[in-house]
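Below: protein-v4.cif (mmCIF, C-alpha atoms)
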```
data_start
#
loop_
_atom_site.label_atom_id
_atom_site.label_comp_id
_atom_site.auth_asym_id
_atom_site.auth_seq_id
_atom_site.Cartn_x
_atom_site.Cartn_y
_atom_site.Cartn_z
CA MET D 5 84.82 2.09 -56.86
CA ASN D 6 82.76 5.03 -55.58
CA GLU D 7 79.22 5.06 -54.18
CA ARG D 8 77.64 6.05 -57.51
CA GLU D 9 79.23 3.05 -59.31
CA ILE D 10 78.10 0.69 -56.52
CA GLU D 11 74.58 2.11 -56.75
CA GLN D 12 74.49 1.56 -60.52
CA ILE D 13 75.55 -2.07 -60.08
CA ILE D 14 72.81 -2.61 -57.48
CA ARG D 15 70.24 -1.05 -59.79
CA ARG D 16 71.23 -3.36 -62.67
CA VAL D 17 71.05 -6.45 -60.42
CA LEU D 18 67.64 -5.47 -59.07
CA ALA D 19 66.37 -4.73 -62.56
CA THR D 20 67.17 -8.29 -63.64
CA MET D 21 65.16 -9.68 -60.72
CA ALA D 22 62.24 -7.26 -60.85
CA ASP D 23 58.92 -7.51 -62.65
CA GLU D 24 56.06 -5.04 -63.02
CA GLU D 25 54.77 -5.79 -59.50
CA GLU D 26 58.12 -5.30 -57.75
CA PRO D 27 58.72 -1.83 -56.27
CA ARG D 28 61.59 0.02 -57.90
CA ILE D 29 64.62 0.96 -55.86
CA SER D 30 63.84 4.62 -56.62
CA GLU D 31 60.46 4.18 -54.96
CA LEU D 32 62.01 2.73 -51.81
CA TYR D 33 64.92 5.16 -51.73
CA PRO D 34 64.05 8.47 -53.46
CA GLN D 35 67.06 10.21 -54.97
CA ASP D 36 65.82 13.80 -54.88
CA ASN D 37 66.29 14.03 -51.13
CA GLU D 38 69.17 12.02 -49.68
CA GLU D 39 67.93 12.60 -46.12
CA PHE D 40 64.52 11.03 -46.79
CA ILE D 41 63.64 7.35 -47.06
CA SER D 42 60.03 6.43 -47.71
CA ASP D 43 58.20 4.75 -44.83
CA ILE D 44 57.67 1.15 -45.84
CA VAL D 45 55.22 0.51 -42.98
CA ALA D 46 52.91 3.38 -43.98
CA GLU D 47 50.59 1.04 -45.91
CA LYS D 48 48.39 -1.52 -44.16
CA LEU D 49 49.25 -5.17 -44.75
CA GLN D 50 45.61 -5.78 -45.69
CA GLU D 51 46.04 -3.49 -48.70
CA LEU D 52 49.25 -5.01 -50.07
CA TYR D 53 49.03 -7.73 -52.73
CA TYR D 54 52.08 -8.80 -54.71
CA VAL D 55 50.84 -11.83 -56.67
CA LYS D 56 51.67 -11.07 -60.29
CA THR D 57 48.94 -13.03 -62.10
CA PRO D 58 46.14 -13.80 -59.62
CA LYS D 59 43.13 -15.82 -60.69
CA ASP D 60 40.73 -13.65 -58.68
CA ARG D 61 42.38 -10.60 -57.17
CA ASP D 62 39.12 -9.00 -55.97
CA ALA D 63 38.05 -12.09 -54.02
CA PHE D 64 41.49 -12.39 -52.43
CA MET D 65 41.47 -8.72 -51.40
CA VAL D 66 38.18 -9.32 -49.59
CA LEU D 67 39.89 -12.08 -47.60
CA LYS D 68 42.95 -9.93 -46.90
CA LYS D 69 40.82 -7.23 -45.28
CA MET D 70 39.81 -9.79 -42.65
CA THR D 71 43.35 -10.52 -41.45
CA PRO D 72 46.69 -8.76 -41.04
CA ALA D 73 48.48 -12.04 -41.82
CA ARG D 74 51.18 -11.95 -44.50
CA VAL D 75 49.27 -13.65 -47.30
CA GLY D 76 49.31 -12.80 -50.99
CA VAL D 77 52.94 -11.67 -50.80
CA GLY D 78 53.94 -13.42 -54.03
CA HIS D 79 57.53 -14.41 -54.76
CA ALA D 80 60.45 -13.66 -57.05
CA GLY D 81 61.94 -17.01 -57.92
CA ALA D 82 62.70 -18.80 -54.67
CA ARG D 83 62.85 -15.64 -52.57
CA TYR D 84 60.49 -13.12 -51.04
CA ARG D 85 59.97 -9.91 -52.95
CA THR D 86 62.09 -6.99 -51.82
CA ALA D 87 59.11 -5.07 -50.41
CA THR D 88 57.92 -8.12 -48.47
CA ALA D 89 61.34 -8.76 -46.94
CA LEU D 90 61.83 -5.12 -45.99
CA ARG D 91 58.38 -4.88 -44.41
CA PHE D 92 59.05 -8.00 -42.36
CA GLN D 93 62.36 -6.59 -41.13
CA ALA D 94 60.76 -3.24 -40.29
CA ASP D 95 57.94 -4.83 -38.28
CA HIS D 96 60.41 -7.10 -36.48
CA ALA D 97 62.59 -4.12 -35.61
CA ALA D 98 59.58 -2.24 -34.20
CA ALA D 99 58.65 -5.21 -32.00
CA GLN D 100 62.19 -5.51 -30.66
CA SER D 101 62.50 -1.79 -30.06
CA THR D 102 59.36 -1.43 -27.95
CA ALA D 103 60.22 -4.50 -25.86
CA PHE D 104 63.62 -3.07 -24.94
CA THR D 105 62.56 0.57 -24.50
CA ASP D 106 61.22 2.25 -21.36
CA VAL D 107 58.18 4.51 -21.32
CA SER D 108 59.66 7.99 -21.53
CA ASP D 109 59.83 10.25 -18.47
CA ALA D 110 58.47 13.11 -20.58
CA PHE D 111 55.34 11.09 -21.33
CA LEU D 112 54.76 10.21 -17.67
CA ILE D 113 55.19 13.85 -16.64
CA ARG D 114 52.81 15.01 -19.36
CA MET D 115 50.23 12.46 -18.23
CA GLY D 116 50.72 13.32 -14.56
CA LEU D 117 51.28 9.65 -13.69
CA LYS D 118 53.15 9.07 -10.44
CA THR D 119 55.62 6.22 -10.91
CA TYR D 120 56.40 3.23 -8.71
CA SER D 121 58.78 0.41 -9.59
CA THR D 122 58.76 -3.33 -9.02
CA LEU D 123 61.81 -5.20 -7.74
CA CYS D 124 63.44 -4.89 -11.18
CA VAL D 125 66.14 -2.25 -11.56
CA SER D 126 66.53 -2.34 -15.36
CA ARG D 127 64.73 -3.34 -18.54
CA GLU D 128 67.13 -6.23 -18.99
CA GLU D 129 66.33 -7.59 -15.53
CA PHE D 130 62.62 -7.17 -16.18
CA LEU D 131 62.85 -9.29 -19.33
CA THR D 132 64.96 -12.02 -17.73
CA ARG D 133 63.37 -12.14 -14.26
CA PRO D 134 59.56 -12.27 -14.61
CA ASP D 135 59.26 -13.05 -10.89
CA LYS D 136 60.73 -9.68 -9.92
CA GLY D 137 58.35 -7.92 -12.28
CA ARG D 138 55.41 -9.21 -10.24
CA ARG D 139 56.47 -7.92 -6.82
CA PHE D 140 57.22 -4.73 -4.90
CA THR D 141 59.23 -3.97 -1.80
CA GLN D 142 57.23 -3.40 1.36
CA ASP D 143 58.32 0.24 1.33
CA THR D 144 56.87 0.72 -2.15
CA LEU D 145 53.60 -0.97 -1.19
CA SER D 146 53.35 1.23 1.90
CA GLN D 147 54.00 4.33 -0.18
CA ILE D 148 51.30 3.42 -2.71
CA LYS D 149 48.79 2.79 0.06
CA GLN D 150 49.72 6.08 1.71
CA ASP D 151 49.29 7.98 -1.57
CA ILE D 152 45.78 6.55 -2.06
CA ILE D 153 44.20 8.57 0.71
CA ASP D 154 40.51 7.73 0.47
CA PRO D 155 38.95 4.24 0.47
CA ILE D 156 38.29 3.09 -3.11
CA GLN D 157 36.23 0.43 -4.83
CA VAL D 158 38.32 0.26 -8.00
CA LEU D 159 42.12 0.28 -8.22
CA LEU D 160 43.17 1.59 -11.66
CA TYR D 161 46.77 1.82 -12.86
CA VAL D 162 49.05 1.37 -15.88
CA ALA D 163 52.06 -0.96 -16.21
CA ASP D 164 54.56 -0.96 -19.05
CA GLY D 165 54.63 -4.74 -19.50
CA LEU D 166 56.37 -5.78 -22.71
CA SER D 167 55.46 -2.76 -24.84
CA SER D 168 56.30 0.82 -23.96
CA CYS D 169 54.82 1.84 -27.31
CA ALA D 170 51.41 0.46 -26.30
CA ILE D 171 51.33 2.67 -23.21
CA GLU D 172 52.29 5.86 -25.01
CA ALA D 173 49.89 5.15 -27.89
CA ASN D 174 46.79 4.21 -25.89
CA ALA D 175 46.93 5.46 -22.28
CA PRO D 176 46.24 9.14 -23.04
CA ASP D 177 42.87 8.32 -24.60
CA ILE D 178 41.68 5.37 -22.54
CA LEU D 179 42.46 6.51 -18.99
CA PRO D 180 40.12 9.55 -19.02
CA ILE D 181 37.31 7.45 -20.47
CA ILE D 182 37.60 4.83 -17.72
CA SER D 183 37.97 7.39 -14.93
CA ARG D 184 35.00 9.48 -16.08
CA GLY D 185 32.91 6.37 -16.70
CA LEU D 186 33.50 5.04 -13.19
CA GLU D 187 32.80 8.47 -11.71
CA GLY D 188 29.59 8.68 -13.70
CA TYR D 189 28.38 5.47 -12.08
CA GLY D 190 29.34 6.71 -8.62
CA LEU D 191 32.23 4.26 -8.22
CA ARG D 192 35.20 5.42 -6.16
CA CYS D 193 38.52 5.12 -7.99
CA ASN D 194 42.06 6.27 -7.27
CA THR D 195 44.06 8.70 -9.36
CA PRO D 196 45.73 6.37 -11.90
CA PHE D 197 49.46 5.77 -11.49
CA PHE D 198 52.22 4.01 -13.42
CA VAL D 199 54.15 0.85 -12.50
CA LYS D 200 57.59 0.62 -14.11
CA TYR D 201 58.83 -2.87 -15.01
CA GLY D 202 55.41 -4.26 -14.11
CA ARG D 203 53.70 -7.49 -15.10
CA VAL D 204 50.06 -8.55 -14.77
CA ALA D 205 50.44 -10.11 -11.33
CA THR D 206 51.48 -6.80 -9.77
CA GLN D 207 47.75 -6.44 -9.16
CA ASP D 208 47.87 -9.38 -6.72
CA GLN D 209 50.18 -7.71 -4.19
CA LEU D 210 48.48 -4.37 -4.77
CA GLY D 211 45.07 -5.97 -4.32
CA GLU D 212 45.99 -7.35 -0.92
CA THR D 213 47.56 -4.05 0.13
CA ILE D 214 44.97 -1.56 -1.10
CA GLU D 215 41.95 -3.84 -0.45
CA ALA D 216 39.87 -2.42 -3.29
CA ASP D 217 37.01 -4.56 -4.55
CA VAL D 218 38.30 -4.60 -8.13
CA SER D 219 41.76 -4.12 -9.60
CA CYS D 220 42.24 -3.05 -13.24
CA VAL D 221 45.70 -2.83 -14.80
CA LEU D 222 46.25 -1.52 -18.33
CA LEU D 223 49.36 -3.24 -19.63
CA GLY D 224 51.51 -3.21 -22.75
CA GLU D 225 51.30 -6.62 -24.41
CA ARG D 226 54.04 -8.68 -26.04
CA PRO D 227 54.70 -7.01 -29.42
CA GLY D 228 54.43 -9.01 -32.60
CA LEU D 229 54.86 -8.62 -36.35
CA VAL D 230 51.30 -7.29 -36.76
CA THR D 231 51.50 -4.51 -34.19
CA ALA D 232 53.87 -3.30 -31.50
CA ASP D 233 51.37 -1.08 -29.67
CA SER D 234 48.72 -3.48 -28.37
CA MET D 235 47.42 -2.97 -24.83
CA SER D 236 45.28 -5.23 -22.65
CA ALA D 237 43.17 -4.65 -19.56
CA TYR D 238 43.32 -7.26 -16.77
CA ILE D 239 40.42 -6.89 -14.34
CA THR D 240 40.17 -8.98 -11.18
CA TYR D 241 37.79 -9.17 -8.26
CA LYS D 242 39.74 -8.91 -4.98
CA PRO D 243 43.02 -10.33 -6.31
CA THR D 244 45.38 -12.14 -3.95
CA VAL D 245 48.92 -13.45 -4.26
CA GLY D 246 48.94 -17.01 -5.58
CA MET D 247 45.44 -16.95 -7.03
CA PRO D 248 44.85 -18.83 -10.34
CA GLU D 249 45.12 -16.89 -13.59
CA SER D 250 41.59 -18.02 -14.45
CA LYS D 251 40.26 -15.38 -12.06
CA ARG D 252 41.33 -12.54 -14.35
CA THR D 253 38.97 -11.02 -16.89
CA VAL D 254 40.91 -9.82 -19.93
CA LEU D 255 40.12 -7.36 -22.70
CA ALA D 256 42.94 -7.67 -25.24
CA ASN D 257 44.02 -6.11 -28.56
CA ILE D 258 43.41 -2.49 -27.60
CA HIS D 259 45.07 -0.49 -30.38
CA LYS D 260 44.20 1.45 -33.51
CA GLY D 261 44.02 -1.70 -35.64
CA GLY D 262 42.09 -3.72 -33.04
CA THR D 263 39.61 -2.49 -30.43
CA PRO D 264 39.74 1.33 -30.42
CA THR D 265 40.50 3.03 -27.10
CA VAL D 266 37.09 4.74 -26.92
CA GLU D 267 35.22 1.46 -27.35
CA ALA D 268 37.61 -0.42 -25.06
CA GLY D 269 37.33 2.19 -22.29
CA ALA D 270 33.54 2.02 -22.26
CA HIS D 271 33.61 -1.79 -22.27
CA ILE D 272 36.08 -1.86 -19.36
CA VAL D 273 33.74 0.31 -17.28
CA ASP D 274 30.86 -2.07 -18.03
CA LEU D 275 33.01 -5.07 -17.09
CA ILE D 276 33.99 -3.47 -13.79
CA ARG D 277 30.35 -2.76 -12.97
CA MET D 278 29.41 -6.37 -13.78
CA ILE D 279 32.27 -7.74 -11.67
CA LEU D 280 31.26 -5.57 -8.72
CA ASP D 281 27.64 -6.62 -9.09
CA LYS D 282 28.36 -10.36 -9.32
CA LYS D 283 31.40 -10.30 -7.01
CA MET D 284 33.43 -12.54 -9.29
CA SER D 285 35.74 -12.31 -12.32
CA GLY D 286 37.47 -14.51 -14.88
CA ILE D 287 35.88 -17.78 -15.94
CA GLU D 288 33.49 -17.63 -13.00
CA LEU D 289 32.00 -14.47 -14.50
CA GLN D 290 31.43 -16.20 -17.84
CA ALA D 291 29.89 -19.35 -16.37
#
```
Mind converting the file's structure to structure tokens?
Amino acid sequence: MNEREIEQIIRRVLATMADEEEPRISELYPQDNEEFISDIVAEKLQELYYVKTPKDRDAFMVLKKMTPARVGVGHAGARYRTATALRFQADHAAAQSTAFTDVSDAFLIRMGLKTYSTLCVSREEFLTRPDKGRRFTQDTLSQIKQDIIDPIQVLLYVADGLSSCAIEANAPDILPIISRGLEGYGLRCNTPFFVKYGRVATQDQLGETIEADVSCVLLGERPGLVTADSMSAYITYKPTVGMPESKRTVLANIHKGGTPTVEAGAHIVDLIRMILDKKMSGIELQA
């Protein structure tokens, strides 16, 4: 049996399961160009609706625009529709890929970000040893302090965290906004750098070493099935090793489908100014 005969059998099977709402195999896998497969994640989840005979489609579409959750996916018998299953697998693959992939050297060179590493020596160790992803060697800490020549009020840096994709998607736009915003308010800030295999609490050791008033780390967040490129900013007033997590102020969901980088950058600058003014961060700042 050759490939063409197998393909014909698959088409006949799919045709028996399909209805007018189910995407055709030719739509998912165009035949006019064997090297091209249509991008199933090109459409937003909020715009996809596979219920065959809805009672009120318009009202449901209004609800869908408020959430990226997988609702209104319909069904084909006892199974998910083909398009729904493929989209789920594609989103899951993207989340896994970014969690196991390093930020590229080419990107760091293009951004001019000097790189320092935590105690982790590989991505695998970073994922399995969170404790090592929070700490540096004394030599690395000394080097960072030596590279930051002038006294600063704000320590600003980027860490890969659990999403390399988030760094490459958001850092190019948000870093200049924060740096220029702080400069505009007369606040002294370092040249941003990059921490490889870094978690949030890297700012605790760095805070004690650099002795800046405020530490702000932009970090790739744990990827999920909605997005794999979400970044968060963790801002802390005079962080120290062992301090409670409640002392961190967090701005999360920075990505194209959440808080845009331009808006997030401006808000981060305002938060830093507020923290410096009130000399506190985290839940104390909100009290």
(request) Translate the PyMOL selection byres ((chain D and resi 222-227) around 9), as applied to the file shown, into an explicit residue set as a PyMOL selection string. (result) chain D and resi 98-100+102-103+160-171+175+179+202-204+220-221+228-239+256-257
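Rounded to one decimal, atom CA of D:Ser219 and atom CA of D:Thr206 lie 10.1 Å from each other.
Considering only C-alpha atoms, the residue among D:Arg15, D:Arg91, D:Thr122, D:Tyr241 positioned nearest to D:Glu47 is D:Arg91.
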(message) Quick one: residues within 12 Å of D:Asp281, only C-alpha atoms, excluding same-chain residues fewer than 4 positions away - as number ranges by chain?
(response) D: 157, 191, 217-218, 241, 274-277, 285, 289
(request) Considering only C-alpha atoms, return as a PyMOL selection string whatever protein or nucleic-acid residues lie within 9 Å of D:Arg192, sequence-local ones (same chain, fewer than 3 positions apart) excluded. (result) chain D and resi 154-159+186-187
Could you name the residues that touch stretch 139-147 of chain D at 9 Å or less, counting only C-alpha atoms, but leaving out those on the same chain fewer than 3 positions away, as a PDB file with C-alpha atoms, in the frame of the given file?
```pdb
ATOM      1  CA  TYR D 120      56.400   3.230  -8.710  1.00  0.00           C
ATOM      2  CA  SER D 121      58.780   0.410  -9.590  1.00  0.00           C
ATOM      3  CA  THR D 122      58.760  -3.330  -9.020  1.00  0.00           C
ATOM      4  CA  LEU D 123      61.810  -5.200  -7.740  1.00  0.00           C
ATOM      5  CA  CYS D 124      63.440  -4.890 -11.180  1.00  0.00           C
ATOM      6  CA  ASP D 135      59.260 -13.050 -10.890  1.00  0.00           C
ATOM      7  CA  LYS D 136      60.730  -9.680  -9.920  1.00  0.00           C
ATOM      8  CA  GLN D 150      49.720   6.080   1.710  1.00  0.00           C
ATOM      9  CA  ASP D 151      49.290   7.980  -1.570  1.00  0.00           C
ATOM     10  CA  ILE D 152      45.780   6.550  -2.060  1.00  0.00           C
ATOM     11  CA  GLY D 202      55.410  -4.260 -14.110  1.00  0.00           C
ATOM     12  CA  ARG D 203      53.700  -7.490 -15.100  1.00  0.00           C
ATOM     13  CA  ALA D 205      50.440 -10.110 -11.330  1.00  0.00           C
ATOM     14  CA  THR D 206      51.480  -6.800  -9.770  1.00  0.00           C
ATOM     15  CA  ASP D 208      47.870  -9.380  -6.720  1.00  0.00           C
ATOM     16  CA  GLN D 209      50.180  -7.710  -4.190  1.00  0.00           C
ATOM     17  CA  LEU D 210      48.480  -4.370  -4.770  1.00  0.00           C
ATOM     18  CA  THR D 213      47.560  -4.050   0.130  1.00  0.00           C
ATOM     19  CA  ILE D 214      44.970  -1.560  -1.100  1.00  0.00           C
TER      20      ILE D 214
END
```
(message) Report, in Å with one decimal, the straight-line distance from atom CA of D:Ser183 to atom CA of D:Met247.
(response) 26.7 Å
(request) I need the residue set behind the PyMOL selection byres ((chain D and resi 78-81) around 8) for this file; please write it as an MDAnalysis selection string. (result) chainID D and resid 21:22 53:56 76:77 82:85
Kindly compute an axis-aligned box around the listed atoms of stretch 179-187 of chain D, allowing 5 Å on each side, and express its centre and edge lengths in Å to one decimal as JSON.
```
{"center_x": 37.6, "center_y": 7.2, "center_z": -16.1, "size_x": 19.7, "size_y": 14.7, "size_z": 18.8}
```
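Between atom CA of D:Thr119 and atom CA of D:Val199 lies a distance of 5.8 Å.
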(message) Can you tell me which residues surround D:Ile182 at a distance of at most 8 Å, considering only C-alpha atoms, apart from same-chain residues fewer than 5 positions away, and format the answer as a ChimeraX atom specification?
(response) /D:269-270,272-273
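Within the file as shown, the PyMOL selection byres ((chain D and resi 266) around 8) identifies D:Asp177, D:Ile178, D:Ile181, D:Pro264, D:Thr265, D:Glu267, D:Ala268, D:Gly269, D:Ala270.
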(request) Using only C-alpha atoms, pick whichever of D:Gly211, D:Thr88, D:Ala73, D:Lys68 has the shortest atom-to-atom distance to D:Ile44. (result) D:Thr88
